[in-house]
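Participant: This one is protein21.cif, mmCIF, C-alpha atoms.
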data_my_file
loop_
_atom_site.label_atom_id
_atom_site.label_comp_id
_atom_site.auth_asym_id
_atom_site.auth_seq_id
_atom_site.Cartn_x
_atom_site.Cartn_y
_atom_site.Cartn_z
CA MET A 1 5.67 0.66 73.84
CA LEU A 2 7.65 3.86 73.13
CA ALA A 3 7.81 4.81 76.80
CA ALA A 4 8.88 1.29 77.78
CA TYR A 5 11.66 1.32 75.18
CA LEU A 6 13.02 4.67 76.36
CA ARG A 7 12.88 3.61 80.01
CA GLU A 8 14.78 0.43 79.16
CA ARG A 9 17.49 2.36 77.28
CA ALA A 10 17.74 4.86 80.15
CA THR A 11 18.19 2.00 82.60
CA GLU A 12 20.96 0.57 80.41
CA PHE A 13 22.65 3.98 80.39
CA LEU A 14 22.57 4.21 84.17
CA ARG A 15 23.83 0.63 84.50
CA ALA A 16 26.75 1.41 82.17
CA LEU A 17 27.51 4.59 84.10
CA ARG A 18 27.63 2.63 87.34
CA ALA A 19 29.93 0.04 85.75
CA HIS A 20 32.25 2.78 84.50
CA ARG A 21 32.49 4.37 87.93
CA GLU A 22 33.13 1.02 89.58
CA SER A 23 35.88 0.21 87.06
CA GLY A 24 37.92 3.31 88.01
CA GLY A 25 41.49 2.11 88.40
CA GLY A 26 40.48 -1.41 87.37
CA ALA A 27 40.85 -3.34 84.13
CA PRO A 28 40.97 -1.02 81.08
CA GLU A 29 38.78 -3.40 79.08
CA GLU A 30 36.01 -3.13 81.67
CA SER A 31 36.10 0.66 81.51
CA ALA A 32 36.15 0.57 77.70
CA GLU A 33 33.15 -1.76 77.60
CA ALA A 34 31.24 0.52 79.99
CA VAL A 35 31.99 3.51 77.74
CA ARG A 36 30.77 1.55 74.68
CA ALA A 37 27.56 0.72 76.55
CA LEU A 38 27.09 4.39 77.42
CA ARG A 39 27.50 5.31 73.75
CA ARG A 40 25.07 2.60 72.60
CA SER A 41 22.37 3.74 75.00
CA ALA A 42 22.91 7.42 74.22
CA ARG A 43 22.67 6.75 70.45
CA ARG A 44 19.46 4.80 70.80
CA ILE A 45 17.80 7.33 73.07
CA SER A 46 18.83 10.20 70.78
CA GLY A 47 17.68 8.36 67.64
CA THR A 48 14.35 7.49 69.22
CA LEU A 49 13.77 11.09 70.29
CA HIS A 50 14.43 12.15 66.70
CA THR A 51 12.14 9.61 65.00
CA PHE A 52 9.25 9.82 67.46
CA ARG A 53 9.55 13.51 68.40
CA PRO A 54 5.85 14.33 67.56
CA LEU A 55 4.89 11.96 70.38
CA LEU A 56 7.25 13.46 72.97
CA ASP A 57 7.37 16.72 74.86
CA THR A 58 9.06 18.98 72.29
CA GLU A 59 11.08 21.20 74.63
CA TRP A 60 12.36 18.24 76.62
CA ALA A 61 13.29 16.15 73.57
CA GLU A 62 14.95 18.99 71.66
CA GLY A 63 16.94 19.93 74.74
CA LEU A 64 18.21 16.41 75.43
CA ARG A 65 19.07 15.27 71.89
CA PRO A 66 22.04 17.65 71.31
CA GLU A 67 23.47 16.72 74.71
CA LEU A 68 23.32 13.01 73.87
CA ALA A 69 24.94 13.68 70.50
CA TRP A 70 27.74 15.61 72.25
CA LEU A 71 28.29 12.78 74.72
CA SER A 72 28.23 9.98 72.16
CA GLY A 73 30.57 11.85 69.82
CA THR A 74 33.03 12.75 72.57
CA LEU A 75 33.21 9.19 73.85
CA ALA A 76 33.65 7.78 70.34
CA HIS A 77 36.87 9.57 69.45
CA GLU A 78 39.30 7.52 71.54
CA HIS A 79 38.00 4.21 70.19
CA ALA A 80 37.98 5.60 66.64
CA HIS A 81 41.66 6.62 66.77
CA ALA A 82 42.68 3.25 68.24
CA SER A 83 40.70 1.28 65.65
CA ARG A 84 42.05 3.45 62.82
CA LEU A 85 45.64 2.83 63.87
CA GLU A 86 45.05 -0.89 64.16
CA ARG A 87 43.37 -0.98 60.76
CA LEU A 88 46.19 0.93 59.05
CA LEU A 89 49.00 -1.10 60.62
CA LEU A 90 47.26 -4.34 59.69
CA ALA A 91 46.86 -3.09 56.12
CA LEU A 92 50.53 -2.12 55.95
CA HIS A 93 51.46 -5.55 57.25
CA ARG A 94 49.23 -7.20 54.64
CA LEU A 95 50.61 -5.07 51.82
CA SER A 96 54.30 -5.28 52.68
CA GLY A 97 54.72 -8.16 55.10
CA ALA A 98 57.28 -6.03 56.94
CA VAL A 99 55.38 -3.97 59.51
CA PRO A 100 54.94 -5.56 62.97
CA VAL A 101 51.34 -5.77 64.14
CA PRO A 102 50.55 -4.72 67.75
CA ALA A 103 49.74 -7.60 70.08
CA ALA A 104 46.35 -6.02 70.85
CA ALA A 105 45.49 -6.32 67.17
CA GLY A 106 45.32 -10.11 67.17
CA VAL A 107 41.54 -10.36 67.16
CA GLY A 108 41.23 -7.35 64.89
CA ALA A 109 43.61 -8.97 62.41
CA ARG A 110 41.38 -12.01 62.11
CA GLU A 111 38.27 -9.85 61.75
CA GLU A 112 39.96 -7.56 59.23
CA GLY A 113 41.13 -10.52 57.18
CA ALA A 114 37.63 -12.00 57.16
CA ARG A 115 36.09 -8.68 56.14
CA GLY A 116 38.67 -8.10 53.43
CA ASN A 117 38.30 -11.59 52.01
CA GLY A 118 34.52 -11.34 52.10
CA ALA A 119 34.47 -7.99 50.34
CA ARG A 120 36.89 -8.99 47.64
CA GLY A 121 35.15 -12.33 47.27
CA ASN A 122 32.22 -10.42 45.75
CA GLY A 123 34.32 -9.79 42.66
CA ALA A 124 36.02 -6.60 43.87
CA ASP A 125 39.39 -7.14 42.21
CA ALA A 126 42.19 -5.06 43.66
CA PRO A 127 44.03 -2.54 41.54
CA ALA A 128 47.45 -3.41 40.20
CA GLY A 129 49.84 -4.38 43.00
CA PRO A 130 52.46 -1.95 44.32
CA ASP A 131 56.23 -2.23 43.99
CA ARG A 132 56.75 -4.61 46.93
CA THR A 133 60.44 -3.80 47.37
CA HIS A 134 59.87 -0.04 47.41
CA LEU A 135 56.87 -0.48 49.69
CA THR A 136 58.78 -2.60 52.20
CA VAL A 137 61.48 0.08 52.51
CA GLY A 138 58.97 2.77 53.50
CA ALA A 139 56.39 0.69 55.34
CA ALA A 140 58.19 0.58 58.69
CA LYS A 141 58.64 4.37 58.80
CA ALA A 142 55.09 4.89 57.57
CA GLY A 143 53.83 2.66 60.38
CA ALA A 144 55.91 4.54 62.95
CA LEU A 145 54.61 7.87 61.67
CA LEU A 146 51.00 6.70 61.86
CA ASP A 147 51.62 5.26 65.31
CA ARG A 148 52.94 8.59 66.61
CA ARG A 149 50.15 10.65 65.07
CA LEU A 150 47.21 8.44 66.00
CA THR A 151 48.50 7.51 69.46
CA LEU A 152 48.82 11.21 70.25
CA ALA A 153 45.29 11.79 68.94
CA ARG A 154 44.01 8.86 71.01
CA THR A 155 45.69 10.19 74.17
CA ARG A 156 44.11 13.60 73.66
CA ALA A 157 40.72 12.02 73.00
CA HIS A 158 41.04 9.95 76.19
CA SER A 159 41.74 13.08 78.22
CA THR A 160 38.82 14.87 76.60
CA ALA A 161 36.50 11.95 77.39
CA LEU A 162 37.59 11.86 81.03
CA GLU A 163 37.02 15.59 81.32
CA ALA A 164 33.58 15.22 79.74
CA LEU A 165 32.57 12.42 82.11
CA GLY A 166 33.57 14.55 85.08
CA SER A 167 31.93 17.73 83.85
CA GLY A 168 28.79 19.41 85.09
CA ARG A 169 27.39 19.11 81.58
CA PHE A 170 27.61 15.31 81.73
CA HIS A 171 26.12 15.16 85.22
CA ALA A 172 23.18 17.21 83.98
CA VAL A 173 22.67 14.69 81.16
CA ALA A 174 22.91 11.78 83.60
CA ASP A 175 20.32 13.41 85.87
CA ARG A 176 17.91 13.80 82.95
CA ILE A 177 18.44 10.17 81.93
CA ALA A 178 17.79 9.09 85.52
CA LEU A 179 14.45 10.91 85.38
CA LEU A 180 13.73 9.30 82.02
CA ALA A 181 14.18 5.87 83.56
CA GLY A 182 11.18 6.62 85.75
CA GLU A 183 8.93 8.75 83.58
CA VAL A 184 8.88 9.57 79.86
CA PRO A 185 7.56 13.07 79.00
CA LEU A 186 5.01 12.25 76.30
CA SER A 187 3.00 14.78 74.32
CA PRO A 188 -0.84 14.74 74.24
CA ALA A 189 -0.55 13.30 70.69
CA ALA A 190 1.00 10.12 72.09
CA ALA A 191 -2.31 8.81 73.41
CA GLY A 192 -3.46 6.14 70.99
CA ALA A 193 -0.84 7.11 68.39
CA ASP A 194 0.23 4.55 65.78
CA LEU A 195 4.00 4.12 66.20
CA ARG A 196 4.22 2.55 62.77
CA LEU A 197 3.69 5.94 61.10
CA PRO A 198 6.86 7.70 62.35
CA ALA A 199 8.77 4.44 61.92
CA ALA A 200 7.57 4.24 58.31
CA ALA A 201 8.65 7.85 57.78
CA ALA A 202 12.15 6.95 59.00
CA GLU A 203 12.27 4.04 56.57
CA GLU A 204 11.08 6.27 53.73
CA ARG A 205 13.85 8.79 54.43
CA LEU A 206 16.36 5.95 54.31
CA THR A 207 14.92 4.55 51.08
CA ASP A 208 15.04 7.97 49.42
CA ALA A 209 18.65 8.51 50.51
CA VAL A 210 19.70 5.11 49.18
CA ALA A 211 17.93 5.83 45.89
CA ALA A 212 20.06 8.97 45.55
CA LEU A 213 23.33 7.03 45.98
CA PRO A 214 25.43 6.18 42.91
CA LEU A 215 24.52 2.51 43.30
CA LEU A 216 25.22 1.90 39.62
CA THR A 217 28.85 2.76 40.37
CA ALA A 218 28.77 0.74 43.58
CA GLY A 219 27.52 -2.22 41.58
CA HIS A 220 30.92 -2.48 39.93
CA PRO A 221 33.85 -4.06 41.75
CA TYR A 222 36.13 -1.03 41.54
CA ASN A 223 35.43 2.66 41.12
CA ALA A 224 38.60 4.39 39.98
CA ALA A 225 36.89 7.79 40.18
CA ALA A 226 37.02 7.50 43.96
CA LEU A 227 40.82 7.84 43.79
CA VAL A 228 40.80 11.15 41.91
CA HIS A 229 41.79 13.18 44.97
CA GLY A 230 44.57 10.79 46.03
CA LEU A 231 47.27 12.64 47.90
CA ALA A 232 46.62 15.98 46.23
CA PRO A 233 47.06 19.17 48.26
CA ASP A 234 43.27 19.50 48.48
CA THR A 235 42.36 18.10 51.93
CA SER A 236 38.59 18.29 51.47
CA PRO A 237 36.70 15.03 52.06
CA GLN A 238 36.02 12.68 49.20
CA PRO A 239 32.87 14.06 47.52
CA GLN A 240 31.38 10.59 47.13
CA ASP A 241 31.61 9.74 50.84
CA ALA A 242 29.16 12.18 52.43
CA PRO A 243 25.91 10.69 51.06
CA TRP A 244 27.06 7.22 52.13
CA HIS A 245 27.77 8.44 55.65
CA GLN A 246 24.30 10.00 55.71
CA VAL A 247 22.73 6.70 54.66
CA ARG A 248 24.55 4.99 57.52
CA LEU A 249 22.99 7.42 60.01
CA LEU A 250 19.53 6.98 58.48
CA LEU A 251 19.91 3.21 58.59
CA ARG A 252 20.72 3.44 62.28
CA LEU A 253 17.54 5.47 62.87
CA HIS A 254 15.55 2.88 60.93
CA ARG A 255 17.07 0.07 63.02
CA TYR A 256 16.24 1.82 66.28
CA ALA A 257 12.68 2.48 65.12
CA ARG A 258 12.33 -1.22 64.30
CA GLU A 259 13.54 -2.05 67.80
CA VAL A 260 10.83 0.17 69.27
CA LEU A 261 8.16 -1.60 67.21
CA THR A 262 9.36 -5.18 67.64
CA GLY A 263 11.12 -5.04 70.98
CA ALA A 264 13.96 -7.04 69.45
CA PRO A 265 17.33 -6.36 67.75
CA ALA A 266 17.38 -5.68 64.03
CA GLU A 267 17.06 -8.49 61.51
CA THR A 268 20.30 -10.18 60.45
CA ARG A 269 20.30 -8.71 56.94
CA LEU A 270 19.62 -5.22 58.23
CA GLU A 271 22.47 -5.64 60.69
CA ALA A 272 24.74 -6.84 57.86
CA ALA A 273 23.89 -3.75 55.79
CA ASP A 274 24.73 -1.55 58.76
CA GLN A 275 28.06 -3.34 59.18
CA ALA A 276 28.89 -2.77 55.51
CA LEU A 277 28.31 0.96 55.92
CA THR A 278 30.39 0.99 59.11
CA ARG A 279 33.24 -0.66 57.20
CA HIS A 280 32.77 2.02 54.55
CA ARG A 281 33.13 4.78 57.12
CA ASP A 282 36.12 3.17 58.81
CA ALA A 283 37.96 2.67 55.52
CA ALA A 284 37.19 6.21 54.34
CA GLU A 285 38.51 7.70 57.58
CA ALA A 286 41.59 5.45 57.50
CA ALA A 287 42.32 6.54 53.93
CA ALA A 288 42.04 10.18 55.00
CA ALA A 289 44.45 9.55 57.89
CA ALA A 290 46.98 7.96 55.52
CA ALA A 291 46.69 10.87 53.10
CA GLU A 292 47.09 13.40 55.90
CA ALA A 293 50.19 11.61 57.20
CA ALA A 294 51.66 11.62 53.69
CA ARG A 295 51.48 15.43 53.71
CA THR A 296 53.86 15.58 56.69
CA PRO A 297 56.72 17.92 55.73
CA ARG A 298 60.14 16.45 54.88
CA ILE A 299 59.23 12.76 55.01
CA ALA A 300 61.29 10.35 52.92
CA PRO A 301 59.99 9.49 49.43
CA ALA A 302 59.74 5.79 50.36
CA THR A 303 57.58 6.68 53.37
CA ALA A 304 55.31 8.84 51.25
CA TYR A 305 55.08 6.03 48.69
CA ALA A 306 54.03 3.51 51.36
CA LEU A 307 51.40 5.91 52.65
CA GLY A 308 50.14 6.47 49.10
CA VAL A 309 49.76 2.73 48.56
CA LEU A 310 48.01 2.49 51.92
CA HIS A 311 45.64 5.31 50.97
CA ALA A 312 44.76 3.58 47.69
CA ASP A 313 44.24 0.28 49.51
CA GLN A 314 41.79 1.85 51.95
CA ARG A 315 39.92 3.62 49.15
CA HIS A 316 39.59 0.20 47.55
CA GLU A 317 38.13 -1.07 50.82
CA VAL A 318 35.63 1.81 50.61
CA GLU A 319 34.54 0.58 47.20
CA ALA A 320 34.37 -3.02 48.41
CA ALA A 321 32.06 -1.94 51.25
CA ARG A 322 29.82 -0.06 48.80
CA PHE A 323 29.76 -3.10 46.56
CA ALA A 324 28.72 -5.29 49.52
CA PHE A 325 26.00 -2.85 50.61
CA HIS A 326 24.67 -2.67 47.05
CA HIS A 327 23.97 -6.41 47.07
CA LEU A 328 22.72 -6.53 50.66
CA TRP A 329 20.28 -3.67 50.16
CA HIS A 330 18.51 -5.27 47.24
CA ARG A 331 18.02 -8.45 49.29
CA LEU A 332 16.36 -6.61 52.19
CA PRO A 333 12.59 -7.10 52.54
CA ARG A 334 10.55 -3.93 52.09
#
Would you give me this structure, written as structure tokens?
Facilitator:
Amino acid sequence: MLAAYLRERATEFLRALRAHRESGGGAPEESAEAVRALRRSARRISGTLHTFRPLLDTEWAEGLRPELAWLSGTLAHEHAHASRLERLLLALHRLSGAVPVPAAAGVGAREEGARGNGARGNGADAPAGPDRTHLTVGAAKAGALLDRRLTLARTRAHSTALEALGSGRFHAVADRIALLAGEVPLSPAAAGADLRLPAAAAEERLTDAVAALPLLTAGHPYNAAALVHGLAPDTSPQPQDAPWHQVRLLLRLHRYAREVLTGAPAETRLEAADQALTRHRDAAEAAAAAAEAARTPRIAPATAYALGVLHADQRHEVEAARFAFHHLWHRLPR
């Protein structure tokens, strides 16, 4: 079962790699979808090697996992910058009604609106509204500033990804995945092993991490303590975010372990919990980007004000996502 799962993921990786090569010079959306498929396969292979490592050849697994993490992380940056820009411009548009939304954001706007309405529908009342007139004055320049910063970051990430996909390091990873598609290096302990034991250990790690979260705080619609840092000179990450990001990673490992056992995608409620934590991460990173932009030297006060309102809005989205996860988690079967 474990070997079959890894072979299937390796085959998906090779299929995505072939699609990416064939899309060279073709439609950008085809290339982007191929890259997403590469990332999905790499994440699942890496997560499976982590959870079931006692059943796999140790040297082989420990050598491949960091390379898959490097590849998945490198390929994720371009999409992350593009999504962050879209999210922030849509939020500015929603808050001020004055910032034009990119044409490519049409679908994202509908999804963002549905997510926002769903999160706030759980009783997460927004903080007091901003000065709309003052916000409208600075929103256009704030949007332009974010566009310049994040588009530049996206361009650099795109170049880095292309370099990675053409590197000897990537070709070495692809060669090892090609071998994995034919034969999985199992350890002697794999013979007759009960896969439910390592999968249960992954679930236990997740359960313990969730138990350590401030779910009492997340059970309230708004956590003002999460805004303490605001736009202060301290650029360190929000102290409350890290354990939530860790839970998201552990939930992914649990989902992949479930896929190994059942041979099917995760249950709907488990998928919904994962989506809530992804929204949490996206909003936290968007808030950080708004705060960083607000620290740009010599920007107009109205621009800084708009970015401050945007930062607070995204931190509210963080709390809404925690609130949603709080309710979803307690409905999950154990």
Participant: Just so the selection is clear, what residues does the PyMOL selection byres ((chain A and resi 48) around 12) cover here, as a PyMOL selection string?
Facilitator: chain A and resi 1-7+9-10+41-47+49-56+61-62+64-65+68+195+198-199+202+250+252-261
Participant: Using CA of Leu146 (chain A) and CA of Gly24 (chain A) as the two end points, give the distance in Å to one decimal.
Facilitator: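 Answer for the CA of Leu146 (chain A) to CA of Gly24 (chain A) separation: 29.4 Å.
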Participant: Quick check on the file I pasted: which residues fall under the PyMOL selection byres ((chain A and resi 287-293) around 6)? Write them as a short mmCIF file (atom, residue, chain, number, x, y, z; two decimals) with C-alpha atoms, keeping the file's coordinate frame.
Facilitator:
data_model
loop_
_atom_site.label_atom_id
_atom_site.label_comp_id
_atom_site.auth_asym_id
_atom_site.auth_seq_id
_atom_site.Cartn_x
_atom_site.Cartn_y
_atom_site.Cartn_z
CA LEU A 231 47.27 12.64 47.90
CA ALA A 284 37.19 6.21 54.34
CA GLU A 285 38.51 7.70 57.58
CA ALA A 286 41.59 5.45 57.50
CA ALA A 294 51.66 11.62 53.69
CA ARG A 295 51.48 15.43 53.71
CA THR A 296 53.86 15.58 56.69
CA LEU A 307 51.40 5.91 52.65
CA HIS A 311 45.64 5.31 50.97
CA GLN A 314 41.79 1.85 51.95
#
Participant: So that I can see what lies close to region 327-332 of chain A, please list as a list in words the residues with an atom at most 9 Å from it, counting only C-alpha atoms and leaving out residues fewer than 6 positions away in the same chain.
Facilitator: Val210, Gly219, Arg269, Leu270, Ala272, Ala273 and Ala276 of chain A
Participant: Pick from A:Ala321, A:Leu95, A:Leu75, A:Leu186: nearest to Arg248 (chain A), with only C-alpha atoms counted?
Facilitator: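 Nearest to Arg248 (chain A): A:Ala321.
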Participant: Given the file shown, determine the residues that the PyMOL selection byres ((chain A and resi 78-92) around 7) selects; report them as JSON, numbers by chain.
Facilitator: {"A": [75, 76, 77, 93, 94, 95, 96, 99, 101, 105, 109, 139, 143, 146, 147, 150, 153, 154, 157, 158, 286, 310]}
Participant: Which of these residues is nearest to Arg40 (chain A), using all atoms listed in the file: A:Ser23, A:Gln240, A:Gln275, A:Ser72?
Facilitator: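 Checking each of A:Ser23, A:Gln240, A:Gln275, A:Ser72 against Arg40 (chain A), counting all atoms listed in the file, the winner is A:Ser72.
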Participant: Restricting the calculation to all atoms listed in the file, which member of A:Gly166, A:Leu145, A:Pro214, A:Ala140 is positioned closest to His20 (chain A)?
Facilitator: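 Answer, going by the shortest atom-to-atom distance: A:Gly166.
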Participant: Would you mind reading off the distance between CA of Ala193 (chain A) and CA of Thr58 (chain A), one decimal, in Å?
Facilitator: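 Going from CA of Ala193 (chain A) over to CA of Thr58 (chain A), I get 15.9 Å.
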Participant: Give the answer as one residue: which of A:Ala302, A:Ala212, A:Leu165, A:Leu277 has the shortest atom-to-atom distance to Ala324 (chain A), using all atoms listed in the file?
Facilitator: A:Leu277
Participant: For the atom pair CA of His316 (chain A) and CA of Arg279 (chain A), what is the interatomic distance in Å to one decimal place?
Facilitator: 11.6 Å
Participant: For Ala34 (chain A), find every residue with an atom within 9 Å (counting all atoms listed in the file), except residues of its own chain fewer than 4 positions away, and show them as a list in words.
Facilitator: Arg15, Ala16, Leu17, Arg18, Ala19, His20, Arg21, Ser23, Glu29, Glu30, Leu38 and Arg39 of chain A
